[in-house]
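Raw contents of target36.cif, mmCIF, C-alpha atoms:
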data_my_file
loop_
_atom_site.label_atom_id
_atom_site.label_comp_id
_atom_site.auth_asym_id
_atom_site.auth_seq_id
_atom_site.Cartn_x
_atom_site.Cartn_y
_atom_site.Cartn_z
CA MET A 750 23.03 -2.27 21.15
CA ILE A 751 25.49 -0.38 18.92
CA GLY A 752 23.93 -1.98 15.83
CA ASN A 753 20.47 -0.92 16.97
CA LEU A 754 21.66 2.65 17.46
CA GLY A 755 23.24 2.56 14.01
CA LEU A 756 20.00 1.37 12.48
CA LEU A 757 18.11 4.12 14.30
CA ALA A 758 20.60 6.72 13.07
CA ALA A 759 20.30 5.47 9.49
CA ARG A 760 16.50 5.55 9.69
CA VAL A 761 16.44 9.08 11.10
CA LEU A 762 18.92 10.37 8.51
CA ILE A 763 17.33 8.66 5.50
CA GLY A 764 13.73 9.14 6.61
CA GLY A 765 14.32 12.67 7.84
CA GLY A 766 16.08 13.55 4.60
CA MET A 767 13.20 12.23 2.53
CA PHE A 768 10.67 14.09 4.71
CA ALA A 769 12.64 17.33 4.23
CA HIS A 770 12.87 16.68 0.48
CA GLY A 771 9.08 16.47 0.29
CA ALA A 772 8.62 19.48 2.57
CA GLN A 773 10.67 21.56 0.16
CA LYS A 774 8.15 20.85 -2.58
CA ARG A 775 4.97 20.91 -0.55
CA LEU A 776 5.63 23.62 2.02
CA GLY A 777 8.53 25.62 0.62
CA TRP A 778 10.66 24.69 3.64
CA TYR A 779 14.46 24.57 3.49
CA GLY A 780 14.63 26.85 0.47
CA GLY A 781 12.33 24.67 -1.62
CA PRO A 782 9.93 25.81 -4.33
CA GLY A 783 6.69 25.19 -2.41
CA ARG A 784 3.49 23.93 -3.93
CA GLU A 785 3.28 26.42 -6.82
CA GLY A 786 6.90 25.96 -7.84
CA ALA A 787 6.61 22.19 -7.63
CA ALA A 788 3.44 22.30 -9.74
CA GLY A 789 5.19 24.31 -12.45
CA PHE A 790 8.16 21.96 -12.42
CA MET A 791 5.99 18.85 -12.62
CA HIS A 792 4.06 20.37 -15.53
CA ALA A 793 7.32 21.26 -17.31
CA ILE A 794 8.64 17.68 -17.10
CA GLY A 795 5.40 16.22 -18.45
CA PHE A 796 3.23 15.42 -15.44
CA ARG A 797 -0.21 16.96 -15.95
CA PRO A 798 -1.87 18.45 -14.04
CA GLY A 799 1.31 19.65 -12.40
CA ASP A 800 -0.34 20.55 -9.11
CA THR A 801 -1.87 17.10 -8.66
CA PHE A 802 1.42 15.34 -9.35
CA GLY A 803 3.38 17.82 -7.23
CA VAL A 804 1.08 17.30 -4.25
CA ALA A 805 1.17 13.52 -4.71
CA ALA A 806 4.97 13.42 -4.94
CA SER A 807 5.60 15.74 -2.01
CA THR A 808 3.01 14.11 0.22
CA THR A 809 4.41 10.65 -0.54
CA GLU A 810 7.96 11.83 0.17
CA MET A 811 6.94 13.40 3.48
CA ALA A 812 4.84 10.44 4.61
CA SER A 813 7.37 7.79 3.60
CA GLY A 814 10.20 9.72 5.22
CA ALA A 815 8.28 10.12 8.47
CA MET A 816 7.34 6.43 8.51
CA ILE A 817 10.95 5.36 8.02
CA ALA A 818 12.33 7.82 10.59
CA LEU A 819 9.78 6.64 13.17
CA GLY A 820 10.05 2.97 12.19
CA LEU A 821 6.33 2.73 11.57
CA GLY A 822 4.18 0.80 9.11
CA GLY A 823 6.49 -2.00 8.07
CA PRO A 824 7.39 -2.00 4.37
CA LEU A 825 4.78 0.59 3.36
CA GLY A 826 6.96 3.67 3.94
CA PRO A 827 10.01 2.19 2.22
CA ALA A 828 7.87 1.01 -0.70
CA ALA A 829 6.39 4.50 -1.13
CA MET A 830 9.87 6.03 -1.02
CA LEU A 831 11.17 3.52 -3.57
CA SER A 832 8.26 4.26 -5.89
CA THR A 833 8.80 8.03 -5.83
CA MET A 834 12.53 7.58 -6.36
CA ILE A 835 11.90 5.40 -9.41
CA VAL A 836 9.82 8.22 -10.85
CA ALA A 837 12.30 10.96 -9.91
CA GLY A 838 15.35 9.01 -11.01
CA THR A 839 13.81 8.30 -14.39
CA SER A 840 11.89 11.48 -15.23
CA VAL A 841 14.09 14.14 -13.65
CA HIS A 842 17.59 12.71 -13.45
CA GLY A 843 17.81 9.73 -15.79
CA ASP A 844 19.25 11.52 -18.80
CA LYS A 845 21.90 13.37 -16.78
CA GLY A 846 24.13 10.45 -15.88
CA PHE A 847 24.88 9.14 -12.41
CA PHE A 848 26.44 11.94 -10.37
CA ALA A 849 24.24 14.42 -8.48
CA LYS A 850 26.66 17.24 -9.28
CA ASP A 851 25.56 16.89 -12.91
CA GLY A 852 21.87 16.53 -12.01
CA GLY A 853 22.12 12.74 -12.27
CA TRP A 854 20.23 9.99 -10.48
CA GLU A 855 22.79 9.38 -7.72
CA LEU A 856 20.65 10.67 -4.83
CA SER A 857 17.38 9.13 -6.00
CA GLY A 858 19.24 5.86 -6.50
CA ILE A 859 20.68 5.97 -2.99
CA TYR A 860 17.30 6.79 -1.40
CA GLY A 861 15.63 4.03 -3.42
CA ALA A 862 18.28 1.48 -2.53
CA ALA A 863 18.19 2.49 1.15
CA ALA A 864 14.45 1.78 1.25
CA VAL A 865 14.85 -1.90 0.37
CA PRO A 866 16.57 -3.16 3.56
CA PHE A 867 14.09 -1.27 5.74
CA ALA A 868 11.27 -2.99 3.85
CA THR A 869 12.82 -6.45 3.93
CA LYS A 870 14.58 -6.56 7.32
CA GLY A 871 12.56 -4.11 9.39
CA TYR A 872 13.36 -1.12 11.53
CA GLY A 873 14.87 -2.84 14.55
CA PRO A 874 13.97 -2.78 18.24
CA LEU A 875 14.19 1.02 18.52
CA SER A 876 11.13 1.62 16.36
CA LEU A 877 7.41 2.21 16.77
CA ASP A 878 6.71 -1.08 14.98
CA ALA A 879 8.72 -2.90 17.68
CA LEU A 880 7.11 -0.87 20.46
CA PHE A 881 3.64 -1.87 19.22
CA GLY A 882 4.71 -5.49 18.63
CA TRP A 883 4.22 -5.23 14.87
CA GLU A 884 7.80 -5.82 13.68
CA ASP A 885 7.51 -9.54 12.89
CA ALA A 886 4.01 -9.34 11.43
CA LEU A 887 4.72 -6.40 9.13
CA HIS A 888 8.03 -7.59 7.77
CA GLY A 889 6.86 -11.04 6.68
CA GLY A 890 7.63 -12.30 3.19
CA VAL A 891 4.24 -11.89 1.51
CA LEU A 892 3.60 -8.32 2.66
CA VAL A 893 7.15 -7.27 1.80
CA GLY A 894 6.87 -8.87 -1.64
CA LEU A 895 3.55 -7.18 -2.32
CA ALA A 896 4.81 -3.80 -1.09
CA LEU A 897 7.99 -3.87 -3.18
CA THR A 898 6.19 -5.18 -6.26
CA GLY A 899 3.59 -2.45 -5.80
CA ALA A 900 6.37 0.14 -5.49
CA VAL A 901 7.94 -0.83 -8.79
CA LEU A 902 4.62 -1.16 -10.62
CA GLY A 903 3.34 2.08 -9.08
CA GLY A 904 6.45 3.98 -10.15
CA LEU A 905 6.22 2.58 -13.67
CA GLY A 906 2.49 3.39 -13.75
CA VAL A 907 3.14 7.02 -12.85
CA LEU A 908 5.84 7.21 -15.51
CA ALA A 909 3.34 5.86 -18.05
CA LEU A 910 1.08 8.85 -17.32
CA ARG A 911 3.80 11.31 -18.26
CA VAL A 912 3.43 13.23 -21.50
CA PRO A 913 6.55 14.24 -23.41
CA PRO A 914 8.00 17.38 -21.86
CA THR A 915 7.55 20.51 -23.90
CA ALA A 916 9.77 23.49 -24.42
CA PRO A 917 9.75 25.93 -21.50
CA GLU A 918 6.42 27.66 -21.35
CA SER A 919 4.17 29.39 -18.91
CA ALA A 920 2.98 26.43 -16.85
CA PRO A 921 -0.17 26.63 -14.78
CA THR A 922 0.57 26.72 -11.04
CA SER A 923 -2.57 25.01 -9.89
CA SER A 924 -5.29 22.82 -11.26
#
Hey, can you dump this file as structure tokens for me?
Amino acid sequence: MIGNLGLLAARVLIGGGMFAHGAQKRLGWYGGPGREGAAGFMHAIGFRPGDTFGVAASTTEMASGAMIALGLGGPLGPAAMLSTMIVAGTSVHGDKGFFAKDGGWELSGIYGAAAVPFATKGYGPLSLDALFGWEDALHGGVLVGLALTGAVLGGLGVLALRVPPTAPESAPTSS
């Protein structure tokens, strides 16, 4: 039972943290920039239109975080979180080294790595997947493989859409 409570605590912390991270961008919660600020930032780092990419990133972060915290949807939430962290770790933090204190990819790397065991091993008996009887079906090998492969390819695909960042300019706030 202790292990199940530990897994629940990890899911709530990691999933809740990712949800809050997305809510900062999308809704301006927790001192975040909100939709307009996120759009300007996305534009500045080369994702055009900034609003579209900002909404996509924040919505994916919120949805994946909620799915992990609730233990719902098998590997889909973790795969979505992994994909967004590949994009963030590469486009925002990749050139700043490892440590978060320097703006590095430490946090995106930890979130991305934390997603993998939830995708591969499941959420445990204290989850909505278990409550609905979906745990075994959703965490089978083929679905997990497809979800994680899709996460990596999706992240790389988004990165391929990025244009080289430009010098600071007046970025449009919506598209």
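Nearest residue to Ala864 in chain A among A:Lys774, A:Phe796, A:Gly764, A:Phe790 is A:Gly764, counting only C-alpha atoms.
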Given all atoms listed in the file, how would the per-residue table for range 784-825 of chain A near range 904-912 of chain A read, listing every residue at most 10 Å away with its closest atom pair and distance in Å to one decimal, sorted by chain and number, as JSON lines?
{"residue": "A:Met791", "atom": "CA", "partner": "A:Arg911", "partner_atom": "CA", "distance": 9.7}
{"residue": "A:His792", "atom": "CA", "partner": "A:Val912", "partner_atom": "CA", "distance": 9.3}
{"residue": "A:Ala793", "atom": "CA", "partner": "A:Val912", "partner_atom": "CA", "distance": 9.9}
{"residue": "A:Ile794", "atom": "CA", "partner": "A:Arg911", "partner_atom": "CA", "distance": 8.1}
{"residue": "A:Gly795", "atom": "CA", "partner": "A:Val912", "partner_atom": "CA", "distance": 4.7}
{"residue": "A:Phe796", "atom": "CA", "partner": "A:Arg911", "partner_atom": "CA", "distance": 5.0}
{"residue": "A:Arg797", "atom": "CA", "partner": "A:Arg911", "partner_atom": "CA", "distance": 7.3}
{"residue": "A:Phe802", "atom": "CA", "partner": "A:Val907", "partner_atom": "CA", "distance": 9.2}
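Straight-line separation from CA of Gly786 in chain A to CA of Ala837 in chain A: 16.1 Å.
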Point-to-point distance in Å for CA of Ser876 in chain A and CA of Ile751 in chain A | 14.7 Å
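Taking CA of Tyr779 in chain A and CA of Ala812 in chain A as endpoints, the distance between them is 17.1 Å.
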Evaluate the PyMOL selection byres ((chain A and resi 835) around 8) on the structure here and hand back the selected residues as JSON, numbers by chain.
-> {"A": [831, 832, 833, 834, 836, 837, 838, 839, 857, 858, 861, 901, 904, 905]}
Can those selected residues be exported to a file as a tab-separated table (two decimals), in the frame of the given file so that it contains C-alpha atoms?
chain	number	residue	atom	x	y	z
A	831	LEU	CA	11.17	3.52	-3.57
A	832	SER	CA	8.26	4.26	-5.89
A	833	THR	CA	8.80	8.03	-5.83
A	834	MET	CA	12.53	7.58	-6.36
A	836	VAL	CA	9.82	8.22	-10.85
A	837	ALA	CA	12.30	10.96	-9.91
A	838	GLY	CA	15.35	9.01	-11.01
A	839	THR	CA	13.81	8.30	-14.39
A	857	SER	CA	17.38	9.13	-6.00
A	858	GLY	CA	19.24	5.86	-6.50
A	861	GLY	CA	15.63	4.03	-3.42
A	901	VAL	CA	7.94	-0.83	-8.79
A	904	GLY	CA	6.45	3.98	-10.15
A	905	LEU	CA	6.22	2.58	-13.67
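Among the candidate residues A:Ala862, A:Leu754, A:Val891, A:Ala806, the one lying nearest to Ala787 in chain A is A:Ala806, with distances computed using all atoms listed in the file.
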Hey, which bits of range 866-888 of chain A sit within 10 Å of range 813-817 of chain A, and for each residue what's the closest pair of atoms and how far apart in Å (one decimal), counting all atoms listed in the file, rows by chain and increasing number, as CSV?
residue,atom,partner,partner_atom,distance
A:Phe867,CA,A:Ile817,CA,7.7
A:Ala868,CA,A:Ile817,CA,9.3
A:Gly871,CA,A:Ile817,CA,9.7
A:Tyr872,CA,A:Ile817,CA,7.8
A:Ser876,CA,A:Ile817,CA,9.1
A:Leu877,CA,A:Met816,CA,9.3
A:Asp878,CA,A:Met816,CA,9.9
Please write as a PyMOL selection string the list of polymer residues whose atoms come within 12 Å of (12.7, 0.6, 11.0), counting only C-alpha atoms and keeping to the coordinates of the file.
-> chain A and resi 753-764+813-827+863-880+883-885+887-888
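The point (8.0, 18.3, 2.5) has these residues within 6 Å of it, counting all atoms listed in the file: Phe768, Ala769, His770, Gly771, Ala772, Gln773, Lys774, Arg775, Leu776, Ser807 and Met811 of chain A.
Taken over the shown file, the PyMOL selection byres ((chain A and resi 853) around 12) identifies Ala837, Gly838, Thr839, Ser840, Val841, His842, Gly843, Asp844, Lys845, Gly846, Phe847, Phe848, Ala849, Lys850, Asp851, Gly852, Trp854, Glu855, Leu856, Ser857, Gly858 and Ile859 of chain A.
Comparing A:Gly799, A:Gly752, A:Gly783, A:Ala829 by their smallest distance to Leu902 in chain A, the closest is A:Ala829 (using all atoms listed in the file).
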Atom completion result for range 840-870 of chain A (N, CA and C atoms) as a CSV table (one decimal), in the frame of the given file:
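The result, written out as rebuild04.csv:
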chain,number,residue,atom,x,y,z
A,840,SER,N,12.5,10.3,-14.5
A,840,SER,CA,11.9,11.5,-15.2
A,840,SER,C,12.7,12.8,-15.1
A,841,VAL,N,13.4,12.9,-13.9
A,841,VAL,CA,14.1,14.1,-13.6
A,841,VAL,C,15.6,14.0,-13.9
A,842,HIS,N,16.1,12.9,-13.5
A,842,HIS,CA,17.6,12.7,-13.4
A,842,HIS,C,18.2,11.7,-14.4
A,843,GLY,N,17.3,10.9,-15.0
A,843,GLY,CA,17.8,9.7,-15.8
A,843,GLY,C,18.7,10.1,-17.0
A,844,ASP,N,18.5,11.2,-17.6
A,844,ASP,CA,19.2,11.5,-18.8
A,844,ASP,C,20.5,12.3,-18.5
A,845,LYS,N,20.8,12.5,-17.2
A,845,LYS,CA,21.9,13.4,-16.8
A,845,LYS,C,23.1,12.6,-16.2
A,846,GLY,N,23.0,11.3,-16.4
A,846,GLY,CA,24.1,10.4,-15.9
A,846,GLY,C,23.9,10.1,-14.4
A,847,PHE,N,25.0,9.6,-13.8
A,847,PHE,CA,24.9,9.1,-12.4
A,847,PHE,C,25.0,10.2,-11.4
A,848,PHE,N,26.1,11.1,-11.5
A,848,PHE,CA,26.4,11.9,-10.4
A,848,PHE,C,25.5,13.1,-10.1
A,849,ALA,N,25.2,13.3,-8.9
A,849,ALA,CA,24.2,14.4,-8.5
A,849,ALA,C,24.8,15.8,-8.9
A,850,LYS,N,26.1,16.0,-8.9
A,850,LYS,CA,26.7,17.2,-9.3
A,850,LYS,C,26.3,17.6,-10.7
A,851,ASP,N,26.0,16.6,-11.5
A,851,ASP,CA,25.6,16.9,-12.9
A,851,ASP,C,24.1,16.8,-13.1
A,852,GLY,N,23.3,16.7,-12.0
A,852,GLY,CA,21.9,16.5,-12.0
A,852,GLY,C,21.4,15.1,-12.2
A,853,GLY,N,22.4,14.2,-12.0
A,853,GLY,CA,22.1,12.7,-12.3
A,853,GLY,C,21.3,12.1,-11.2
A,854,TRP,N,21.1,10.8,-11.3
A,854,TRP,CA,20.2,10.0,-10.5
A,854,TRP,C,20.9,9.4,-9.2
A,855,GLU,N,22.1,9.9,-8.9
A,855,GLU,CA,22.8,9.4,-7.7
A,855,GLU,C,21.9,9.4,-6.4
A,856,LEU,N,21.4,10.5,-6.1
A,856,LEU,CA,20.6,10.7,-4.8
A,856,LEU,C,19.3,9.9,-4.9
A,857,SER,N,18.6,9.9,-5.9
A,857,SER,CA,17.4,9.1,-6.0
A,857,SER,C,17.7,7.6,-6.0
A,858,GLY,N,18.8,7.3,-6.6
A,858,GLY,CA,19.2,5.9,-6.5
A,858,GLY,C,19.6,5.4,-5.1
A,859,ILE,N,20.3,6.3,-4.4
A,859,ILE,CA,20.7,6.0,-3.0
A,859,ILE,C,19.4,5.9,-2.1
A,860,TYR,N,18.5,6.8,-2.2
A,860,TYR,CA,17.3,6.8,-1.4
A,860,TYR,C,16.5,5.5,-1.7
A,861,GLY,N,16.4,5.2,-3.0
A,861,GLY,CA,15.6,4.0,-3.4
A,861,GLY,C,16.3,2.8,-2.9
A,862,ALA,N,17.6,2.7,-3.0
A,862,ALA,CA,18.3,1.5,-2.5
A,862,ALA,C,18.2,1.4,-1.0
A,863,ALA,N,18.3,2.5,-0.3
A,863,ALA,CA,18.2,2.5,1.2
A,863,ALA,C,16.8,2.0,1.6
A,864,ALA,N,15.8,2.2,0.8
A,864,ALA,CA,14.4,1.8,1.2
A,864,ALA,C,14.3,0.3,1.3
A,865,VAL,N,15.0,-0.5,0.5
A,865,VAL,CA,14.8,-1.9,0.4
A,865,VAL,C,15.2,-2.7,1.7
A,866,PRO,N,16.3,-2.4,2.3
A,866,PRO,CA,16.6,-3.2,3.6
A,866,PRO,C,15.6,-2.8,4.7
A,867,PHE,N,15.1,-1.6,4.7
A,867,PHE,CA,14.1,-1.3,5.7
A,867,PHE,C,12.8,-2.1,5.5
A,868,ALA,N,12.5,-2.2,4.2
A,868,ALA,CA,11.3,-3.0,3.8
A,868,ALA,C,11.5,-4.5,4.2
A,869,THR,N,12.6,-5.0,3.8
A,869,THR,CA,12.8,-6.4,3.9
A,869,THR,C,13.2,-6.9,5.3
A,870,LYS,N,14.0,-6.1,6.0
A,870,LYS,CA,14.6,-6.6,7.3
A,870,LYS,C,13.9,-5.9,8.5
